[in-house]
Amino acid sequence: MEYTKEQLRALYLKLPEDVKEVLNSEETLNKTQVIGKKYNLHVGKIWLLGDEIGLVMFGITKLEDFQKNLMGKLEIPDDLAQKIVD
């Protein structure tokens, strides 16, 4: 399901402050980039990885669906998605 910017903003405002801090932190951005580079993801796919991480933190994506979603959105095989999830 696609969400509008307004819907995402409404969900964001309901998040606990500590989750908002993690979502907005430079450390989270850096870790996402490190993971993407480690697994040779193209820059665009690193951004998609960040989006998927955000959807989990928003509670939109269930953690058990994260790997499957990475496989589809990043167009990567199951074993690589598993490594990224780990």
# chains A, B, ... in the order shown; residues from 1 in each chain; ligands from 1
>>> residues_around(residues="Leu70 (chain A)", least_positions_apart="3", cutoff="8 Å", atoms="only C-alpha atoms", output="list in words")
Leu49, Glu52, Phe66, Gln67, Lys73, Leu74, Glu75, Ile76 and Ala81 of chain A
>>> residues_around(residues="Ile46 (chain A)", least_positions_apart="5", cutoff="10 Å", atoms="only C-alpha atoms", output="number ranges by chain")
A: 29, 32-37, 39-41, 51-52, 74
>>> residues_around(residues="Leu23 (chain A)", least_positions_apart="3", cutoff="10 Å", atoms="only C-alpha atoms", output="PyMOL selection string")
chain A and resi 12+17-20+26-29+50+53-54+57-58
>>> write_last_selection(atoms="C-alpha atoms", output="tab-separated table (two decimals), in the first residue's frame")
chain	number	residue	atom	x	y	z
A	12	TYR	CA	5.36	10.10	12.24
A	17	GLU	CA	10.20	10.58	20.63
A	18	ASP	CA	13.03	8.03	20.83
A	19	VAL	CA	11.92	6.44	17.55
A	20	LYS	CA	11.74	9.86	15.90
A	26	GLU	CA	22.79	10.96	11.07
A	27	GLU	CA	23.95	7.68	12.61
A	28	THR	CA	20.98	5.82	11.09
A	29	LEU	CA	21.70	7.35	7.69
A	50	GLY	CA	16.48	3.41	4.02
A	53	ILE	CA	13.88	0.57	7.30
A	54	GLY	CA	11.70	3.61	7.92
A	57	MET	CA	10.13	1.78	12.27
A	58	PHE	CA	6.80	3.43	11.42
>>> select_by_dssp(residues="chain A", states="helix (DSSP H, G or I)", output="number ranges by chain")
A: 5-14, 17-24, 26-38, 43-58, 63-74, 78-85
